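The structure file upload-v4.csv is reproduced below (CSV, C-alpha atoms and all ligand atoms).
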chain,number,residue,atom,x,y,z
E,173,MET,CA,-4.1,-4.6,13.8
E,174,VAL,CA,-1.2,-6.9,12.6
E,175,VAL,CA,-2.3,-10.2,11.0
E,176,LYS,CA,0.2,-13.0,10.7
E,177,LYS,CA,0.3,-16.6,9.6
E,178,LEU,CA,2.5,-19.1,11.6
E,179,PHE,CA,3.3,-22.7,10.9
E,180,GLY,CA,4.3,-25.7,13.0
E,181,ASN,CA,3.8,-29.4,13.6
E,182,THR,CA,1.2,-29.1,16.4
E,183,MET,CA,-1.4,-26.5,17.3
E,184,LYS,CA,0.3,-26.1,20.7
E,185,GLU,CA,3.6,-25.4,19.2
E,186,VAL,CA,2.3,-22.8,16.8
E,187,LEU,CA,0.3,-21.1,19.5
E,188,ARG,CA,3.4,-21.0,21.7
E,189,GLN,CA,5.4,-19.4,18.9
E,190,ALA,CA,2.6,-16.9,18.2
E,191,LYS,CA,2.5,-15.8,21.9
E,192,ALA,CA,6.3,-15.6,22.0
E,193,GLU,CA,6.4,-13.4,18.9
E,194,LEU,CA,3.3,-11.3,19.3
E,195,GLY,CA,2.5,-11.4,23.0
E,196,GLU,CA,-0.3,-13.0,25.1
E,197,ASP,CA,-3.0,-10.9,23.5
E,198,VAL,CA,-3.0,-12.6,20.1
E,199,VAL,CA,-6.4,-13.4,18.7
E,200,ILE,CA,-6.8,-16.6,16.6
E,201,LEU,CA,-8.5,-15.8,13.3
E,202,SER,CA,-8.3,-19.3,11.7
E,203,GLN,CA,-6.5,-22.6,12.0
E,204,LYS,CA,-6.1,-25.4,9.6
E,205,ARG,CA,-4.0,-28.5,8.8
E,206,LEU,CA,-2.1,-28.2,5.5
E,207,ALA,CA,-1.8,-31.0,3.0
E,208,GLY,CA,1.7,-31.9,4.2
E,209,GLY,CA,0.3,-32.3,7.8
E,210,GLU,CA,1.7,-28.9,9.0
E,211,MET,CA,-0.6,-26.7,11.1
E,212,GLU,CA,-1.3,-23.1,9.8
E,213,LEU,CA,-2.5,-20.6,12.3
E,214,THR,CA,-3.7,-17.0,11.3
E,215,VAL,CA,-3.5,-14.7,14.3
E,216,ALA,CA,-4.1,-10.9,14.9
E,217,VAL,CA,-2.8,-8.5,17.5
E,218,ASP,CA,-2.9,-4.8,18.0
E,219,PRO,CA,0.6,-3.3,17.8
E,220,PRO,CA,2.0,-1.8,21.0
E,221,LEU,CA,1.4,2.0,21.5
E,222,GLU,CA,5.0,3.0,20.9
E,223,ALA,CA,5.1,1.2,17.6
E,224,ARG,CA,2.2,3.2,16.3
E,225,GLY,CA,4.1,6.5,16.2
E,226,CYS,CA,2.7,9.7,17.5
E,227,ASP,CA,-1.0,8.9,17.6
E,228,ALA,CA,-1.6,8.8,21.4
E,229,ASN,CA,-4.0,11.4,22.9
E,230,GLY,CA,-3.6,14.5,25.0
E,231,LEU,CA,-0.3,15.1,26.8
E,232,GLU,CA,1.4,12.3,25.0
E,233,ASN,CA,0.4,13.8,21.7
E,234,GLU,CA,1.9,17.2,22.7
E,235,LEU,CA,5.1,15.6,23.8
E,236,CYS,CA,5.3,13.8,20.5
E,237,GLU,CA,5.0,17.1,18.7
E,238,ILE,CA,7.7,18.7,20.8
E,239,LYS,CA,9.9,15.8,20.2
E,240,LYS,CA,9.4,16.1,16.5
E,241,MET,CA,10.1,19.8,16.5
E,242,LEU,CA,13.3,19.3,18.5
E,243,LEU,CA,14.4,16.5,16.1
E,244,SER,CA,13.8,18.7,13.1
E,245,LEU,CA,15.9,21.6,14.7
E,246,VAL,CA,18.7,19.1,15.3
E,247,GLU,CA,18.5,17.9,11.8
E,248,GLU,CA,18.6,21.4,10.3
E,249,ARG,CA,21.7,22.2,12.3
E,250,GLU,CA,23.3,19.0,11.2
E,251,VAL,CA,22.5,19.7,7.5
E,252,MET,CA,24.1,23.1,7.9
E,253,GLY,CA,27.2,21.3,9.2
E,254,LEU,CA,27.3,19.4,5.9
E,255,GLY,CA,28.0,22.6,4.0
E,256,LYS,CA,26.1,25.1,1.8
E,257,ALA,CA,25.5,22.7,-1.1
E,258,ALA,CA,23.9,20.2,1.2
E,259,LEU,CA,21.6,22.9,2.7
E,260,PHE,CA,20.6,23.9,-0.9
E,261,LEU,CA,19.7,20.3,-1.7
E,262,TYR,CA,17.8,19.9,1.6
E,263,GLN,CA,15.8,23.0,0.9
E,264,GLU,CA,15.1,21.9,-2.7
E,265,LEU,CA,13.9,18.5,-1.6
E,266,LYS,CA,11.6,20.1,0.9
E,267,GLU,CA,10.2,22.4,-1.8
E,268,LYS,CA,9.5,19.3,-3.9
E,269,GLY,CA,7.2,18.0,-1.1
E,270,LEU,CA,9.5,15.8,1.0
E,271,SER,CA,9.3,16.1,4.7
E,272,GLU,CA,12.2,17.4,6.8
E,273,LYS,CA,12.9,13.9,8.0
E,274,VAL,CA,13.1,12.3,4.6
E,275,ALA,CA,15.0,15.3,3.1
E,276,TYR,CA,17.5,15.0,5.9
E,277,GLN,CA,17.9,11.3,5.4
E,278,ILE,CA,18.6,11.8,1.7
E,279,VAL,CA,21.1,14.7,2.2
E,280,ARG,CA,22.9,12.8,4.9
E,281,ASP,CA,23.2,9.7,2.8
E,282,LEU,CA,24.4,11.6,-0.2
E,283,ALA,CA,26.9,13.7,1.7
E,284,GLN,CA,28.4,10.6,3.2
E,285,GLY,CA,29.5,9.2,-0.1
E,286,MET,CA,30.4,12.5,-1.8
E,287,GLY,CA,32.9,15.3,-1.3
E,288,PRO,CA,31.4,18.7,-0.4
E,289,GLU,CA,32.3,20.0,-3.9
E,290,ASP,CA,30.5,17.1,-5.6
E,291,LEU,CA,27.2,18.2,-4.0
E,292,LEU,CA,27.5,21.3,-6.1
E,293,LYS,CA,27.8,19.4,-9.4
E,294,LYS,CA,24.4,18.9,-10.9
E,295,GLU,CA,25.1,15.7,-12.8
E,296,VAL,CA,26.9,13.9,-9.9
E,297,LEU,CA,24.0,14.9,-7.6
E,298,GLN,CA,21.4,13.6,-10.0
E,299,LYS,CA,23.2,10.3,-10.3
E,300,GLU,CA,23.5,10.0,-6.6
E,301,LEU,CA,19.8,10.9,-6.0
E,302,ARG,CA,18.9,8.2,-8.5
E,303,ARG,CA,21.1,5.7,-6.7
E,304,PHE,CA,19.4,6.6,-3.4
E,305,PHE,CA,15.9,6.2,-4.8
E,306,PHE,CA,16.6,3.0,-6.6
E,307,SER,CA,18.2,1.4,-3.5
E,308,ARG,CA,15.6,2.7,-1.0
E,309,ILE,CA,12.4,1.9,-2.9
E,310,GLU,CA,11.6,-1.8,-3.5
E,311,THR,CA,9.3,-3.0,-6.2
E,312,THR,CA,7.4,-6.2,-6.6
E,313,GLU,CA,5.5,-8.0,-9.3
E,314,PRO,CA,2.4,-9.5,-7.7
E,315,LEU,CA,1.0,-11.3,-10.8
E,316,ALA,CA,2.0,-15.0,-10.5
E,317,ASP,CA,1.2,-18.2,-12.3
E,318,GLU,CA,-0.6,-19.8,-9.4
E,319,LYS,CA,-4.1,-19.2,-8.2
E,320,MET,CA,-4.5,-15.6,-6.9
E,321,CYS,CA,-6.9,-13.5,-4.8
E,322,ILE,CA,-6.0,-9.8,-5.0
E,323,GLY,CA,-7.8,-7.3,-2.8
E,324,LEU,CA,-7.5,-3.6,-3.3
E,325,LEU,CA,-7.8,-1.1,-0.4
E,326,GLY,CA,-7.8,2.7,-0.2
E,327,ARG,CA,-10.1,5.6,0.3
E,328,THR,CA,-13.2,6.3,-1.8
E,329,GLY,CA,-12.3,7.8,-5.2
E,330,VAL,CA,-8.7,6.8,-5.2
E,331,GLY,CA,-9.2,4.4,-8.1
E,332,LYS,CA,-9.8,0.9,-6.7
E,333,THR,CA,-12.6,-0.2,-8.9
E,334,THR,CA,-11.0,1.2,-12.0
E,335,THR,CA,-7.6,-0.4,-11.1
E,336,LEU,CA,-9.3,-3.8,-10.5
E,337,ALA,CA,-10.9,-3.5,-14.0
E,338,LYS,CA,-7.4,-2.8,-15.4
E,339,LEU,CA,-5.9,-5.9,-13.6
E,340,ALA,CA,-8.9,-8.0,-14.7
E,341,SER,CA,-8.1,-6.9,-18.3
E,342,ILE,CA,-4.4,-7.9,-18.0
E,343,GLU,CA,-5.3,-11.2,-16.5
E,344,ARG,CA,-8.1,-12.0,-18.9
E,345,PHE,CA,-6.5,-10.7,-22.2
E,346,HIS,CA,-2.7,-10.7,-21.8
E,347,ARG,CA,-2.3,-13.6,-19.4
E,348,LYS,CA,-5.3,-15.6,-20.7
E,349,ARG,CA,-6.5,-16.6,-17.2
E,350,ARG,CA,-10.0,-17.1,-15.9
E,351,VAL,CA,-10.9,-14.0,-13.8
E,352,GLY,CA,-13.7,-13.2,-11.4
E,353,LEU,CA,-14.6,-10.0,-9.7
E,354,VAL,CA,-16.1,-9.8,-6.2
E,355,SER,CA,-17.0,-6.7,-4.2
E,356,LEU,CA,-17.3,-6.1,-0.5
E,357,ASP,CA,-18.5,-2.6,-1.4
E,358,GLY,CA,-22.3,-3.0,-1.5
E,359,GLU,CA,-23.0,0.5,-0.1
E,360,LYS,CA,-21.7,3.0,-2.7
E,361,VAL,CA,-24.6,4.3,-4.9
E,362,GLY,CA,-24.2,2.8,-8.4
E,363,SER,CA,-21.3,0.5,-7.4
E,364,SER,CA,-23.2,-2.6,-8.4
E,365,GLU,CA,-24.1,-1.2,-11.8
E,366,GLU,CA,-20.4,-0.1,-12.3
E,367,LEU,CA,-19.2,-3.7,-11.5
E,368,GLN,CA,-21.8,-5.2,-13.8
E,369,ARG,CA,-20.7,-2.9,-16.6
E,370,ILE,CA,-17.0,-3.9,-16.0
E,371,GLY,CA,-18.1,-7.5,-15.9
E,372,LYS,CA,-19.9,-7.2,-19.3
E,373,ILE,CA,-17.0,-5.3,-21.0
E,374,LEU,CA,-14.4,-7.8,-19.9
E,375,ASP,CA,-16.8,-10.8,-20.1
E,376,ILE,CA,-16.1,-12.0,-16.5
E,377,PRO,CA,-18.4,-13.1,-13.6
E,378,VAL,CA,-19.1,-10.5,-10.9
E,379,ALA,CA,-20.6,-11.0,-7.4
E,380,ILE,CA,-21.3,-8.6,-4.5
E,381,ALA,CA,-21.3,-9.4,-0.8
E,382,TYR,CA,-23.5,-6.8,0.9
E,383,GLU,CA,-23.4,-8.5,4.3
E,384,ARG,CA,-20.7,-10.5,6.0
E,385,SER,CA,-22.9,-13.5,5.9
E,386,GLU,CA,-22.8,-13.4,2.1
E,387,VAL,CA,-19.0,-13.5,1.9
E,388,PRO,CA,-18.7,-17.4,1.8
E,389,LYS,CA,-21.3,-17.8,-0.9
E,390,VAL,CA,-19.8,-15.0,-3.0
E,391,PHE,CA,-16.3,-16.4,-2.7
E,392,GLU,CA,-17.5,-19.7,-4.1
E,393,LEU,CA,-16.7,-17.9,-7.4
E,394,GLY,CA,-13.0,-18.4,-6.4
E,395,ALA,CA,-13.2,-22.1,-7.2
E,396,ARG,CA,-14.1,-21.4,-10.9
E,397,VAL,CA,-11.4,-18.8,-11.6
E,398,ASP,CA,-7.6,-18.5,-11.6
E,399,THR,CA,-7.6,-14.9,-10.4
E,400,LEU,CA,-10.2,-13.5,-8.0
E,401,LEU,CA,-10.2,-9.7,-7.7
E,402,VAL,CA,-11.7,-8.2,-4.6
E,403,ASP,CA,-13.1,-4.6,-4.5
E,404,THR,CA,-13.6,-2.9,-1.1
E,405,PRO,CA,-15.4,0.2,0.3
E,406,GLY,CA,-13.1,3.2,1.1
E,407,LYS,CA,-13.9,4.6,4.6
E,408,GLY,CA,-11.4,2.5,6.6
E,409,LEU,CA,-11.3,-0.9,8.1
E,410,GLY,CA,-14.0,0.0,10.6
E,411,GLU,CA,-16.6,0.7,7.9
E,412,LYS,CA,-19.6,-1.6,8.1
E,413,GLY,CA,-17.6,-4.6,9.3
E,414,LEU,CA,-14.9,-4.4,6.5
E,415,ARG,CA,-12.3,-5.8,8.9
E,416,GLU,CA,-14.3,-8.8,9.7
E,417,LYS,CA,-15.3,-9.4,6.1
E,418,LEU,CA,-11.6,-9.2,5.2
E,419,PHE,CA,-10.7,-11.8,7.9
E,420,ASP,CA,-13.3,-14.1,6.3
E,421,VAL,CA,-11.7,-13.5,2.9
E,422,MET,CA,-8.3,-14.5,4.4
E,423,THR,CA,-9.8,-17.7,5.8
E,424,LEU,CA,-11.6,-18.5,2.5
E,425,CYS,CA,-8.6,-17.6,0.3
E,426,PRO,CA,-5.4,-18.3,2.4
E,427,HIS,CA,-3.3,-17.0,-0.5
E,428,ALA,CA,-5.2,-13.6,-0.5
E,429,GLN,CA,-2.9,-10.5,-1.0
E,430,PHE,CA,-3.9,-6.9,-0.3
E,431,HIS,CA,-2.6,-3.8,-2.0
E,432,LEU,CA,-3.2,-0.2,-0.9
E,433,LEU,CA,-3.8,2.5,-3.4
E,434,LEU,CA,-2.2,6.0,-2.8
E,435,SER,CA,-2.5,8.9,-5.1
E,436,PRO,CA,-0.5,12.2,-5.4
E,437,HIS,CA,-3.9,13.9,-5.2
E,438,TYR,CA,-3.7,13.7,-1.4
E,439,ARG,CA,-1.7,15.6,1.2
E,440,ARG,CA,1.1,13.8,3.0
E,441,ASP,CA,-0.8,13.5,6.3
E,442,VAL,CA,-3.8,11.9,4.5
E,443,LEU,CA,-1.4,9.4,2.8
E,444,LEU,CA,0.3,8.6,6.1
E,445,GLN,CA,-3.1,8.2,7.7
E,446,ASP,CA,-4.1,5.7,5.0
E,447,LEU,CA,-0.8,3.8,5.4
E,448,GLU,CA,-1.4,3.6,9.1
E,449,GLU,CA,-5.0,2.4,8.8
E,450,TYR,CA,-4.5,-0.2,6.2
E,451,SER,CA,-1.0,-1.5,7.1
E,452,ARG,CA,-2.8,-3.1,10.0
E,453,LEU,CA,-3.4,-5.8,7.4
E,454,SER,CA,-0.2,-7.2,6.0
E,455,LEU,CA,0.1,-5.3,2.7
E,456,LYS,CA,1.8,-6.9,-0.3
E,457,SER,CA,2.3,-3.6,-2.1
E,458,LEU,CA,1.4,0.0,-2.7
E,459,ILE,CA,-0.2,1.0,-6.0
E,460,LEU,CA,0.4,4.6,-7.0
E,461,ALA,CA,-2.9,5.7,-8.6
E,462,LYS,CA,-3.7,8.6,-10.9
E,463,VAL,CA,-0.1,9.7,-11.3
E,464,ASP,CA,-1.2,11.2,-14.6
E,465,GLU,CA,-3.3,13.8,-12.7
E,466,SER,CA,-0.5,15.5,-10.7
E,467,ARG,CA,3.2,16.0,-11.4
E,468,ARG,CA,3.7,17.0,-7.8
E,469,VAL,CA,4.6,13.5,-6.4
E,470,GLY,CA,6.9,14.7,-3.6
E,471,SER,CA,4.4,14.0,-0.7
E,472,LEU,CA,3.6,10.6,-2.2
E,473,MET,CA,7.3,9.7,-2.5
E,474,ASP,CA,7.7,10.9,1.1
E,475,ALA,CA,5.0,8.5,2.3
E,476,VAL,CA,6.5,5.7,0.2
E,477,LEU,CA,10.0,6.4,1.6
E,478,SER,CA,8.6,6.4,5.2
E,479,HIS,CA,7.2,2.8,4.9
E,480,PRO,CA,9.0,-0.4,3.9
E,481,ILE,CA,6.2,-1.6,1.7
E,482,PRO,CA,7.2,-2.4,-1.9
E,483,LEU,CA,5.6,-0.7,-4.9
E,484,SER,CA,3.8,-2.6,-7.7
E,485,TRP,CA,1.8,-0.7,-10.3
E,486,MET,CA,1.1,2.9,-11.2
E,487,THR,CA,-2.1,3.9,-12.9
E,488,THR,CA,-2.1,6.7,-15.5
E,489,GLY,CA,-5.6,7.3,-16.8
E,490,GLN,CA,-9.2,6.1,-17.0
E,491,ASP,CA,-8.8,3.6,-19.9
E,492,ILE,CA,-9.2,0.2,-18.3
E,493,LEU,CA,-7.5,-1.6,-21.2
E,494,HIS,CA,-4.2,0.4,-21.1
E,495,ASP,CA,-3.6,2.9,-18.3
E,496,ILE,CA,-1.6,0.7,-15.8
E,497,LEU,CA,2.1,-0.1,-15.8
E,498,PRO,CA,4.7,-1.5,-13.4
E,499,VAL,CA,6.1,1.2,-11.2
E,500,ASN,CA,8.9,3.1,-12.9
E,501,LYS,CA,11.1,4.6,-10.2
E,502,GLY,CA,13.1,6.7,-12.6
E,503,MET,CA,9.9,8.3,-13.9
E,504,LEU,CA,8.7,9.1,-10.4
E,505,LEU,CA,12.0,10.6,-9.5
E,506,ASP,CA,12.0,12.8,-12.6
E,507,MET,CA,8.4,13.8,-12.0
E,508,MET,CA,9.3,14.8,-8.4
E,509,MET,CA,12.4,16.8,-9.3
E,510,GLU,CA,10.8,18.5,-12.3
E,511,ALA,CA,7.6,19.6,-10.6
T,601,LIG,N1,-6.9,10.4,-14.4
T,601,LIG,C1,-7.2,9.2,-13.8
T,601,LIG,N2,-8.4,8.9,-13.3
T,601,LIG,C2,-8.6,7.7,-12.8
T,601,LIG,C3,-7.5,6.8,-12.6
T,601,LIG,N3,-8.0,5.7,-12.0
T,601,LIG,C4,-9.3,6.0,-11.7
T,601,LIG,N4,-9.7,7.2,-12.2
T,601,LIG,C5,-11.0,7.9,-12.1
T,601,LIG,O1,-11.2,8.2,-10.7
T,601,LIG,C6,-12.6,8.1,-10.4
T,601,LIG,C7,-12.8,7.2,-9.2
T,601,LIG,O2,-12.3,5.9,-9.5
T,601,LIG,P1,-12.9,4.6,-8.8
T,601,LIG,O3,-12.2,3.5,-9.4
T,601,LIG,O4,-14.4,4.6,-8.9
T,601,LIG,O5,-12.4,4.8,-7.3
T,601,LIG,P2,-12.8,3.9,-6.0
T,601,LIG,O6,-13.9,4.7,-5.3
T,601,LIG,O7,-11.6,3.8,-5.2
T,601,LIG,O8,-13.3,2.6,-6.5
T,601,LIG,C8,-13.3,7.6,-11.6
T,601,LIG,O9,-13.8,8.7,-12.3
T,601,LIG,C9,-12.1,7.0,-12.4
T,601,LIG,O10,-12.4,7.0,-13.8
T,601,LIG,C10,-6.2,7.1,-13.2
T,601,LIG,O11,-5.3,6.3,-13.1
T,601,LIG,N5,-6.1,8.3,-13.7
T,602,MG,MG,-15.1,1.7,-6.1
Rewrite the structure from the file as structure tokens, please.
Ligand SMILES: Nc1nc2c(ncn2[C@@H]2O[C@H](COP(=O)(O)OP(=O)(O)O)[C@@H](O)[C@H]2O)c(=O)[nH]1
Ligand SMILES: [Mg+2]
Amino acid sequence: MVVKKLFGNTMKEVLRQAKAELGEDVVILSQKRLAGGEMELTVAVDPPLEARGCDANGLENELCEIKKMLLSLVEEREVMGLGKAALFLYQELKEKGLSEKVAYQIVRDLAQGMGPEDLLKKEVLQKELRRFFFSRIETTEPLADEKMCIGLLGRTGVGKTTTLAKLASIERFHRKRRVGLVSLDGEKVGSSEELQRIGKILDIPVAIAYERSEVPKVFELGARVDTLLVDTPGKGLGEKGLREKLFDVMTLCPHAQFHLLLSPHYRRDVLLQDLEEYSRLSLKSLILAKVDESRRVGSLMDAVLSHPIPLSWMTTGQDILHDILPVNKGMLLDMMMEA
């Protein structure tokens, strides 16, 4: 599901714009008149099948696989056409955990700007690889001075609650803001005790919405703080009405931003599955979690390079006061190539 906000002078005008951009099947999630008189409409629509990649069933799935195989054969032939050095690099990148598709994109990009003999020079190659990474991966700094509502998404165990505690600590102690922690994850055993513990350590209010009906009450906390941090359960948007709870959050906090946590712990197909599941919401950034636990970040970088979502933070340990830092692209590239 794609969620989008549109603006215009009248409801009719915005709706027309929504239908023109997203098709007749748009569902209206919320509408309101802004202080300046403008209308704001939040709508959702399922992306068309072809935009969802190879996730159709049966025969279509098989055709998709065959298409992918053919493409990779064509790519391998083309890499060979770029010379021996390009082929070595292509194979090395694949060994580091990158997919054929991304490895080919990199080699083709590098070979375009370099002579064949340059590809054999280690230093030139490293410099060019760095240039490619720095130009292809965007970063963002989500912490702003205005009121914020930050929701973290991702599978169970990826590090959402710990990362929220780290963000709460930055907001509370470094940026001296009023912080509140709310959770939509009322199911996980011990999750409420864990949140209460975090709330106590950081001296911040904590509230949990077990049911959808409790969301508005719990989000009243937002009025008393500068930064509201939102924890979520980790079994996908379909779990116990999470999607609907998140829609309510978007209505209650129009400035809400969502971030997806990915970790090098997981295989590439799992990372891509999470990206597909959660990018149905509009994601502000990806957070790379637990990069201290595995130096093999190739699959993670492959997933990152396959989606145009910027990166924000990376987390590097269990200490909620220290182990988070803005994404460092150079460090990630070094980790990938040295693994
Ligand atoms: N090594 C390491 N462990 C982490 C990191 N972030 C979280 N953890 C640990 O991973 C486990 C699951 O984290 P948690 O925040 O509960 O995950 P959640 O289920 O997504 O909320 C806990 O034991 C955390 O202490 C990190 O950056 N590095
Ligand atoms: Mg949790």
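Using all atoms listed in the file, the residues found no farther than 10 Å from Glu300 in chain E, other than those of its own chain fewer than 4 positions away, are E:Ile278, E:Asp281, E:Leu282, E:Ala283, E:Gly285, E:Met286, E:Leu291, E:Lys294, E:Glu295, E:Val296, E:Phe304, E:Phe305, E:Phe306.
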Atoms kept (C-alpha atoms) for selection, written as a CSV table (one decimal), in the frame of the given file:
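Contents of again.csv, as written:
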chain,number,residue,atom,x,y,z
E,278,ILE,CA,18.6,11.8,1.7
E,281,ASP,CA,23.2,9.7,2.8
E,282,LEU,CA,24.4,11.6,-0.2
E,283,ALA,CA,26.9,13.7,1.7
E,285,GLY,CA,29.5,9.2,-0.1
E,286,MET,CA,30.4,12.5,-1.8
E,291,LEU,CA,27.2,18.2,-4.0
E,294,LYS,CA,24.4,18.9,-10.9
E,295,GLU,CA,25.1,15.7,-12.8
E,296,VAL,CA,26.9,13.9,-9.9
E,304,PHE,CA,19.4,6.6,-3.4
E,305,PHE,CA,15.9,6.2,-4.8
E,306,PHE,CA,16.6,3.0,-6.6
Item to check | 6 Å shell around ligand LIG 601 (chain T) using all atoms listed in the file, listed as JSON, numbers by chain | outcome: {"E": [327, 328, 329, 330, 331, 332, 333, 334, 461, 462, 464, 465, 487, 488, 489, 490]}
Item to check | Within-12 Å residues of ligand MG 602 (chain T), basis all atoms listed in the file, as a ChimeraX atom specification | outcome: /E:324-337,354-367,370,402-407,433
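Across the structure, CA of Gln429 in chain E and CA of Leu477 in chain E are spaced 21.4 Å apart.
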Checklist entry - With distances taken over all atoms listed in the file, which of E:Leu418, E:Ala395, E:Val442, E:Leu297 is nearest to Ala257 in chain E? => result E:Leu297
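Closest approach to Ile481 in chain E from the set E:Asp506, E:Glu212, E:Glu237, E:Glu448 is made by E:Glu448, with distances taken over only C-alpha atoms.
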Checklist entry - Nearest to Leu201 in chain E among E:Glu310, E:Glu383, E:Asp420, E:Glu267, with distances taken over all atoms listed in the file: which residue is it? => result E:Asp420
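Atom pair CA of Lys456 in chain E / CA of Thr312 in chain E has a distance of 8.5 Å (rounded to one decimal).
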Checklist entry - Of the candidates E:Ser484, E:Gln445, E:Ser435, E:Gln203, which shows the shortest atom-to-atom distance to Ser457 in chain E, using only C-alpha atoms? => result E:Ser484
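Each of E:Pro388, E:Gly470, E:Gly195, E:Gly410 was compared to Thr423 in chain E using all atoms listed in the file, and E:Pro388 turns out to be the nearest.
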Checklist entry - Can you tell me, as a PyMOL selection string, which residues sit within 12 Å of (17.1, 21.9, -1.2) in the file's frame, using all atoms listed in the file? => result chain E and resi 248+251-252+256-272+274-276+278-279+291-292+297+509
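Coordinates place CA of Leu460 in chain E at a distance of 13.6 Å from CA of Met508 in chain E.
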